Each structure stands twice: as C-alpha cells, then as structure tokens.
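Trainee: Sharing a structure, written as structure tokens. Questions coming.
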Amino acid sequence: MSSGATETVAALDFTPTAVTLVEVLSVLANQDELATIDEVRQDEALRREALATYEALPAPGARPHRGWKYDYANLSFDELRWTSGSVMMATMPKRPVHRLDAEDSGADEIDRPALATENAGGLFFFGATYVDAPSNVDPRVTVLPLTATTVRANEGILNGGHTHSILHEIVDWRADKFAALATAFQNCGAFVYVPDGVQIDAPVQLVFANSEAQDDAVFPHVVVVLGKNARATVIERHVGDGDPFVCGIVEAHAGEGAQLDYVVVQQAGEAARVIFSRGARAERDAQVRWHLAELGGALVRTVLGVRLEAPGSRAEASALFFNTGLQHVDLTSGVDHLVGPTTSDTVVRSAATDRGQGRYIGNIVIRPKAHGSDASLRDDALLLSKHAHIDSVPALEIAANDVKAFHGATVGSLDEDALFYAGSRGIARNAALRMITLGFFEPVIARFPGEALRDEVRTALDRKLDDATEIDV
Amino acid sequence: MPTRGLIARDLRVAVENNEILKGIDLTVEPGRVHALMGPNGSGKSTLAFTLAGHPGYQVLGGSATLDGEDLLALPPDKRAKAGLFLSFQYPAAIPGVSVANFLRTARMSVRPEDLNPAKFRKLVFDKLDTLDMDPAFLGRYVNDGFSGGEKKRLEMLQLAILAPKYAVLDETDSGLDIDALQSVGNSVNALRESDEGKDIGFLVITHYPRILKHVPADVVHILIDGRIVKTGGPELADEIERDGYDGVREEVAFKAAMDEFVVAKAPIV
C-alpha cells in the first residue's frame, strides 16, 4: 500500500453542519426541474431531520485503536468536492439523460472491460454523476437513477404498493448514524424494479466509479424491489483510483416467493472511505442472498441486514474481506427472524495482514413468534502478520422455543501443518501460503453467483496478496 | 559420480530437546523396497519427518543425502524437487483448495518442464482408475472431511502422479480396511512396474507387517528406541508377525549383554 492509507489516520474533523447542508442543498436544490415546491420542501425537511439525527447519534462502538477508527478518520466535509446533481435529478430517463464528455469525466481512465459482467446492463456513476453507459437491461425490468421524478412515478411501489413501504423504511436511518448521514446528503442512487413473475438471468449492474479528477462526495441510495416470484441478481461495484468518501444506503425488498442475489464487489481506491448500510426485507417464501467482497478502500464499514418477515423466508449472507496495508474494515451482519419458520445462513471469512484491522459483528435475532426457525452463523478470521488484528463478535439472541441455532467463530493464523504438507509436495512456502490463503476464502467465494464473478474475486484477492508487504510472521 | 540412494548416516534427531533418533544408518537403493519396522515410539515417523524437512525436528548430527544431494540443507519443497516424497500418516487438510488444483500445482512444482493439460488429465484419470477412486475426488478440497482410507488413497494418487526418486510411506496401512489396503498395494506395484516408477526406491515405514504382503520388501530393518537393531530379508517381517517386537527386543538385549560380557572379558584374554 502507498502512503495514501496512512493519511486517513489523522485528526478528527467529521462535522458536517447545517451550514454545510444548506450549501449542499443549494447545489442539490435545482435537482429536478419537474419537482414541485412541496417535493423540494419535503426533501429538505427529511435531510435536515437526518442531519440532526446524525449529529445526535454516537459513533457506533467507539473503541479507538481496536475495532473502530471513525474517531480519528480524517474526514473533512468542507474539503469534499460535491457533484452538481444536475444529472441525477433530471427527468426520468427512458434513455440516459446526460452524456458526460469522456475526457472531462475521466471515464476513459476506468477500465471498462473490467467492469463488465457478461451481459450485465445497468447504471454507471462517476462520482455522484450518472453517466450514460451502454445498457442492455431486460426491458421488463426498470432500472433508473433514483430521483424525485423516479420516486413520484413509482410512488405505488416505493410507498405502500406492497405490504409495507420501502423507501427510507427498510434501513432505519433514525437508528444508524451513517445511514442518517447518507440520507441527509444523498446525491445519487438507483431504483431497480423487477415486476411480479419476472425472472432475469443477466445481472443488473450498478457501478460507482471514481478517479482522482472526480467529485468525491458520493452519497448513493439504492432501492431494489422484486415483485412476487421475481428473480434477479444485482451487482454493485465500486471501482477506480480516486479517494472518495462514499456513504450510502441500499434497501431491498423481496416480495412473496422472490429470489434476490445482491452482490457487492468493493474495489475502491486505496485511500477511499466506503460506508454502507444495506438492508433487505423478505416476504413469504422469499430468499435474499447478500454476497459481499470488501477488497478496496482505507476505511470501510458495512452493515448488512435482513428482516425475515413472513414464514418460509430465507436469508443468506456471504461476506469476505482481506485487509492489507493499513486497511480497516468493519462489518456487521444481522438477520432478524421475526416469524417462523424462517431460515438463515451467514458465512463470513476475513483475513488481515500488514497492519490491517478488521472487526466483524454477527447478530442473529430469533423473535418470540419465530418458532421453527433455523439460523446458522459461521465466521472465521485469518491473521497473516503479527500487526494485523481482527475482532470477531458473534451474538445470538433467541426468544422462541423449538428453534435451531448454530454459531461458530475462529480466529487463527496459517496452518503450519498444511504449509509443510504443501512443501513436501514441492510447493514453495510463498506459493503454499498463497494457495492456503485463497483457499481460506473459498467457502464464501463459492456462494457468489456465477463463475465469472467468482474468478473475479479470486483474482482480486490474488492481487491483494501481491500487494501485501508483511505476510508470514 | 555420487553414490545413488536415499542415505542416512549416523543421523541423530531430537524433538523438543529429547533425542529420538540415536544414529540411523540406512541406504535405500533405487528400485528397491526397504521396510522400516518398529513398535510405537521407536522413532519411525521422526525419521520420515526429518527426511522431509519438518521444522519441528532438530538434527543433532549425521547426514541424509539423496543421490548425493544434502537433504538437510534444503527446505521441504526443494527436497521434493530433489526427488523425495513422503506419504503422511496423517495428511493435513487444505480447505478451499481442490485436489485437482493441488495435484497440478504439485506436479508443476516438482517437474515444471513436462505435461500439457490434456496429458496431465489422462495421467490423473489413469491413476484414479488404478486406485479405484471416483473422479469426483478431484473437485473435493484436499483431505478436508476425508475418511482415513480416502486420505491414504490421495497420498498414493500423489505418489503416482509425482513419481519421485524415493518415496517414504509412513504407516500407509494404518486405518485401512482390506480393500483399501489392496488398492494401495496395487497402486504401488503398478507404479513400480511402470517406466516412470521402476527406479523408485521405497522406504515403507510400518508397525504391522501386513502391508508387506502387498508391497513385498527386499530388506527389512527393525527400529527400536531410535536405533536400527536388526536388518534382514523378508523373513524378518514374518518373524515380527509371529513373535512381535519382544522377540527382537530380547534378542537385542541378550546380544548387548553378551557384547558387554565380551568387552569386560577382553583385557583378560
């Protein structure tokens, strides 16, 4: 890692103020020429409330020098470069509404083929700016930038068309400091809607790219709604060599019998700060599967949640991170079994080397009405250097009878017996170490949908092993 | 021309400062099968691990060479590249690494020059067949959740695919049922009859003589308390089968006592 990561461990200046918000809002205000005065006022009121909430909530789990680094993250709001917002709040684009000049946007600097997942169509953002990108999304599926106009046009789906409202309701920003921040400053986002009965094979892809020339205040809000028996894969990517501050929300709703695979491949620049709160709700017999690979960034925080709200619903969470250099990743997963019978399976693999720091908190809650539920939580951490550190905190809270719940957690170093065994087969120590480390992640990688995606994650991990400076104490 | 063979000379080895091997002299010639038999705790596995280069074994003195090359100066992977193979009594699991990937990586490490993917594939499938193994094995993670028999078969599969110059089989028969033992025997014999395998020298380490029914030994050594106390032909294994190690132990003790007696008498004579 370069010294870029070092710079994030600096003085605290993490205080967006109402003044900042007004300035930002003035940028975002003429977001949508078609927005009504009422909509603009409502929007502003929500943002002010969210900012007040952000200020009021404590930083979660403040434990400086161990699990939490936001206390001394060098995050100066005044220095963030804000996007104009004129693109994202434009009229509803059947066709992409705005085409940035490739030279101006730096879009050429991003390796486009590397972003491609076979046949994936979707949205492409540069900083917070929506960029025209060739897209071949299935015509039955709606994929739009999340704007006031989009919200108005899809009011029925987003606010009560199904059993519950979705927008701002699945992720509880009133209880989550960074979700509140993302709500206050939201400046880009996506809406993906897969109607009842529609099952698509090609994934929908949401790409958040950034280069050094790009605006670096990125506050995305992604909403994914799957109707009854719908099926889709959504891939959210973070790429580029800029050092943005990304703080976002993902809300996913899986209707009755629906199946959602939501994949995150986070390969942001090495000084980037990427903070997300992602939540999902599963209705009767629905399945929500999170697949998360946190690979880039200097400071990363992810909250992954699933609410199992109706019998027969199922949650799977598969997550990995591999912290090299001074990377810090903080991951919290939570599955809430509100009723029974519902099932969940969480598998997390994390590794750290150099001075990488990580923390994983895994929560399973089985509520009183959730009898007959089955929950499994498995989390393993691998430490490859003596300065690396990973905390692991699994927590099960069970209030129902007649449930099955499993959790297991390990933190360990490389298996010397395995290294010797591989050595005895002619495999040199470095190669064996690499093989064993990559193998360690395999139980999570194997659950990612599609061989192309799995290979992509393997290759990315392999590259991180190349970059690591201190392995094998 | 250096002396060919897997050769130990006065090899003395300690584990955690506790001397286990107290001077081993042994020469395994190319194409020959030597059996090293001994009771539990006699130091059999210590010899195997020391030859393979396990970092937990501390060489106090003596030498170990492979066709003249100083094994003790090499890390484990270089010993394998020099032509040594150890079949583990308890092979380690490598979760997340498929057998196919592992075999290919190992073969490429030991013999980087040869075999295109198609030929490699054919080699693997031929050997699987000899060992009576399901090709589904290749997709499983190395030794992860394997039964004792499956682990030993995988060891034999690797032996056949790596075709080393010398192979040390450490208690390969332990934990095997009759069928598994038979297919292990078939695999070793098929290898010994092949062009690639006819010159492999074997050191078969075992507590019980039964594996020697399937892989007949040319020479049998008895290891007791860190020393090779007796060397003989195949009939020595039969003797162990009949009388156990106590017979040899008594014989050795008697001989030692006699030697002492003779030494004590010497000045008078």
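Each chain in the structure tokens gets a letter, A, B and so on, in the order shown; residues start at 1 in every chain, and ligands are counted from 1 in the order they appear.
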Hey, what's within 7 Å of range 383-398 of chain A if we count only C-alpha atoms and toss same-chain stuff fewer than 2 positions away? As a list in words, please?
Mentor: Gly67, Ala351, Ala352, Thr353, Asp354, Arg355, Gly356, Gln357, Gly358, Arg359, Tyr360, Ile361, Gly362, Asn363, Ile364, Val365, Ile366, Arg367, Ala381, Ala400, Gly412, Ser413, Leu414, Glu470, Ile471, Asp472 and Val473 of chain A
Trainee: Please identify every residue of chain A that has at least one atom no more than 7 Å from any atom of chain B, counting only C-alpha atoms, and report them as number ranges by chain.
Mentor: A: 417-418, 420-421, 423-428, 436, 439-440, 442-443
Trainee: Enumerate, as a tab-separated table (two decimals) with C-alpha atoms, in the first residue's frame, the complete set of residues in range 195-261 of chain B that a backbone-based DSSP assignment places in helix (DSSP H, G or I).
Mentor:
```
chain	number	residue	atom	x	y	z
B	211	ILE	CA	1.33	-54.05	4.11
B	212	LEU	CA	4.44	-56.06	3.17
B	213	LYS	CA	2.16	-58.82	1.90
B	214	HIS	CA	1.01	-56.33	-0.74
B	235	GLU	CA	11.72	-63.37	6.58
B	236	LEU	CA	12.40	-60.82	9.30
B	237	ALA	CA	8.90	-59.41	8.81
B	238	ASP	CA	7.47	-62.91	9.24
B	239	GLU	CA	9.40	-63.23	12.44
B	240	ILE	CA	7.85	-59.99	13.74
B	241	GLU	CA	4.44	-61.24	12.73
B	242	ARG	CA	5.00	-64.45	14.65
B	243	ASP	CA	6.78	-63.20	17.76
B	244	GLY	CA	6.08	-59.48	17.87
B	245	TYR	CA	8.82	-56.99	18.74
B	246	ASP	CA	9.51	-58.63	22.09
B	247	GLY	CA	11.44	-61.42	20.42
B	248	VAL	CA	13.76	-58.95	18.70
B	249	ARG	CA	13.97	-56.86	21.85
B	250	GLU	CA	15.06	-59.86	23.91
B	251	GLU	CA	17.49	-60.94	21.27
B	252	VAL	CA	18.99	-57.45	21.15
B	253	ALA	CA	19.17	-57.20	24.92
B	254	PHE	CA	20.86	-60.58	25.07
B	255	LYS	CA	23.32	-59.60	22.39
B	256	ALA	CA	24.08	-56.32	24.17
B	257	ALA	CA	24.66	-58.17	27.40
B	258	MET	CA	26.96	-60.61	25.60
B	259	ASP	CA	28.88	-57.74	24.00
B	260	GLU	CA	29.32	-56.18	27.37
B	261	PHE	CA	30.45	-59.51	28.74
```
Trainee: Using backbone DSSP assignments, extract all strand (DSSP E or B) residues from range 31-265 of chain B; output them as a ChimeraX atom specification.
Mentor: /B:33-37,58-66,69-70,84-87,94-98,141-142,166-170,201-206,219-224,227-232
Trainee: Can you write just those residues out, N, CA and C atoms, as a tab-separated table (two decimals), in the first residue's frame?
Mentor:
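Dumped to out.tsv:
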```
chain	number	residue	atom	x	y	z
B	33	VAL	N	12.80	-51.97	-2.29
B	33	VAL	CA	11.86	-51.67	-1.22
B	33	VAL	C	12.49	-52.04	0.12
B	34	HIS	N	12.67	-51.04	0.96
B	34	HIS	CA	13.14	-51.29	2.32
B	34	HIS	C	11.97	-51.08	3.27
B	35	ALA	N	11.79	-52.00	4.17
B	35	ALA	CA	10.78	-51.81	5.20
B	35	ALA	C	11.48	-51.39	6.47
B	36	LEU	N	10.89	-50.39	7.14
B	36	LEU	CA	11.40	-50.00	8.45
B	36	LEU	C	10.29	-50.29	9.45
B	37	MET	N	10.53	-51.30	10.27
B	37	MET	CA	9.50	-51.74	11.20
B	37	MET	C	9.92	-51.41	12.63
B	58	GLN	N	14.86	-31.49	15.06
B	58	GLN	CA	16.16	-30.83	15.19
B	58	GLN	C	17.25	-31.88	14.97
B	59	VAL	N	18.03	-31.68	13.92
B	59	VAL	CA	19.09	-32.65	13.60
B	59	VAL	C	20.31	-32.37	14.48
B	60	LEU	N	20.68	-33.35	15.26
B	60	LEU	CA	21.82	-33.18	16.18
B	60	LEU	C	23.13	-33.56	15.51
B	61	GLY	N	23.04	-34.47	14.54
B	61	GLY	CA	24.27	-34.87	13.89
B	61	GLY	C	24.00	-35.88	12.79
B	62	GLY	N	25.05	-36.17	12.02
B	62	GLY	CA	24.91	-37.14	10.94
B	62	GLY	C	24.46	-36.47	9.66
B	63	SER	N	24.11	-37.28	8.68
B	63	SER	CA	23.75	-36.73	7.37
B	63	SER	C	22.60	-37.50	6.75
B	64	ALA	N	21.96	-36.85	5.80
B	64	ALA	CA	20.94	-37.51	4.97
B	64	ALA	C	21.10	-36.98	3.56
B	65	THR	N	21.31	-37.88	2.63
B	65	THR	CA	21.53	-37.46	1.24
B	65	THR	C	20.62	-38.21	0.30
B	66	LEU	N	20.32	-37.56	-0.81
B	66	LEU	CA	19.52	-38.19	-1.86
B	66	LEU	C	20.34	-38.14	-3.14
B	69	GLU	N	22.88	-35.56	-2.90
B	69	GLU	CA	22.49	-34.21	-2.54
B	69	GLU	C	22.17	-34.14	-1.04
B	70	ASP	N	22.67	-33.10	-0.38
B	70	ASP	CA	22.49	-32.95	1.06
B	70	ASP	C	21.06	-32.50	1.37
B	84	LEU	N	12.28	-36.46	-3.45
B	84	LEU	CA	11.79	-37.17	-2.27
B	84	LEU	C	10.27	-37.00	-2.14
B	85	PHE	N	9.62	-38.05	-1.75
B	85	PHE	CA	8.18	-37.98	-1.49
B	85	PHE	C	7.89	-38.62	-0.15
B	86	LEU	N	7.07	-37.94	0.64
B	86	LEU	CA	6.63	-38.53	1.91
B	86	LEU	C	5.13	-38.73	1.86
B	87	SER	N	4.72	-39.97	2.05
B	87	SER	CA	3.29	-40.24	2.24
B	87	SER	C	3.01	-40.13	3.73
B	94	ILE	N	-6.31	-29.06	3.45
B	94	ILE	CA	-6.16	-27.70	2.93
B	94	ILE	C	-7.53	-27.27	2.41
B	95	PRO	N	-8.36	-26.73	3.27
B	95	PRO	CA	-9.72	-26.37	2.87
B	95	PRO	C	-9.70	-25.31	1.78
B	96	GLY	N	-10.61	-25.43	0.85
B	96	GLY	CA	-10.72	-24.42	-0.20
B	96	GLY	C	-9.82	-24.66	-1.39
B	97	VAL	N	-8.93	-25.66	-1.29
B	97	VAL	CA	-8.05	-25.96	-2.41
B	97	VAL	C	-8.44	-27.33	-2.97
B	98	SER	N	-8.85	-27.36	-4.21
B	98	SER	CA	-9.33	-28.62	-4.77
B	98	SER	C	-8.17	-29.58	-5.01
B	141	TYR	N	-12.03	-30.65	-1.60
B	141	TYR	CA	-10.90	-29.93	-1.03
B	141	TYR	C	-9.91	-30.92	-0.42
B	142	VAL	N	-8.63	-30.65	-0.55
B	142	VAL	CA	-7.56	-31.57	-0.16
B	142	VAL	C	-7.73	-32.05	1.29
B	166	TYR	N	12.57	-41.26	-4.66
B	166	TYR	CA	12.46	-42.06	-3.44
B	166	TYR	C	11.17	-41.71	-2.72
B	167	ALA	N	10.49	-42.73	-2.23
B	167	ALA	CA	9.23	-42.49	-1.53
B	167	ALA	C	9.30	-43.09	-0.14
B	168	VAL	N	8.94	-42.27	0.85
B	168	VAL	CA	8.84	-42.76	2.22
B	168	VAL	C	7.35	-42.89	2.52
B	169	LEU	N	6.90	-44.11	2.79
B	169	LEU	CA	5.49	-44.31	3.10
B	169	LEU	C	5.36	-44.51	4.60
B	170	ASP	N	4.83	-43.49	5.26
B	170	ASP	CA	4.75	-43.54	6.72
B	170	ASP	C	3.41	-44.13	7.16
B	201	GLY	N	12.98	-45.83	-5.23
B	201	GLY	CA	13.35	-46.56	-4.02
B	201	GLY	C	12.32	-46.28	-2.94
B	202	PHE	N	11.86	-47.34	-2.27
B	202	PHE	CA	10.82	-47.16	-1.26
B	202	PHE	C	11.35	-47.41	0.14
B	203	LEU	N	10.95	-46.56	1.06
B	203	LEU	CA	11.13	-46.83	2.46
B	203	LEU	C	9.73	-46.94	3.07
B	204	VAL	N	9.34	-48.19	3.36
B	204	VAL	CA	7.99	-48.44	3.85
B	204	VAL	C	8.05	-48.54	5.37
B	205	ILE	N	7.49	-47.53	6.02
B	205	ILE	CA	7.52	-47.49	7.48
B	205	ILE	C	6.23	-48.09	8.01
B	206	THR	N	6.36	-49.07	8.89
B	206	THR	CA	5.14	-49.72	9.33
B	206	THR	C	5.32	-50.37	10.70
B	219	VAL	N	14.40	-55.64	1.77
B	219	VAL	CA	15.19	-55.57	3.00
B	219	VAL	C	14.27	-55.11	4.13
B	220	VAL	N	14.43	-55.70	5.31
B	220	VAL	CA	13.63	-55.29	6.45
B	220	VAL	C	14.57	-54.83	7.57
B	221	HIS	N	14.26	-53.60	8.11
B	221	HIS	CA	15.03	-53.10	9.25
B	221	HIS	C	14.11	-53.02	10.45
B	222	ILE	N	14.67	-53.33	11.60
B	222	ILE	CA	13.90	-53.19	12.83
B	222	ILE	C	14.44	-52.00	13.62
B	223	LEU	N	13.56	-51.06	13.90
B	223	LEU	CA	13.94	-49.86	14.64
B	223	LEU	C	13.37	-49.97	16.05
B	224	ILE	N	14.27	-49.91	17.02
B	224	ILE	CA	13.81	-49.91	18.41
B	224	ILE	C	14.58	-48.84	19.17
B	227	ARG	N	17.21	-46.74	17.28
B	227	ARG	CA	18.35	-47.38	16.60
B	227	ARG	C	17.84	-48.53	15.74
B	228	ILE	N	18.50	-48.72	14.59
B	228	ILE	CA	18.18	-49.91	13.80
B	228	ILE	C	18.94	-51.06	14.44
B	229	VAL	N	18.18	-51.99	15.01
B	229	VAL	CA	18.83	-53.04	15.80
B	229	VAL	C	19.02	-54.32	15.01
B	230	LYS	N	18.28	-54.43	13.90
B	230	LYS	CA	18.43	-55.66	13.14
B	230	LYS	C	18.03	-55.41	11.71
B	231	THR	N	18.74	-55.98	10.78
B	231	THR	CA	18.43	-55.86	9.36
B	231	THR	C	18.48	-57.24	8.74
B	232	GLY	N	17.49	-57.51	7.91
B	232	GLY	CA	17.47	-58.83	7.29
B	232	GLY	C	16.62	-58.84	6.04
```
Trainee: Given the choices B:Pro164, B:Gly233, B:Thr27, B:Lys119, which gets closest to Gly68 in chain B if the distance is worked out from only C-alpha atoms?
Mentor: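 Smallest distance to Gly68 in chain B is found for B:Thr27.
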Trainee: As an exercise, work out the distance from CA of Leu131 in chain B to CA of Ser45 in chain B in Å and give it to one decimal place.
Mentor: 24.6 Å
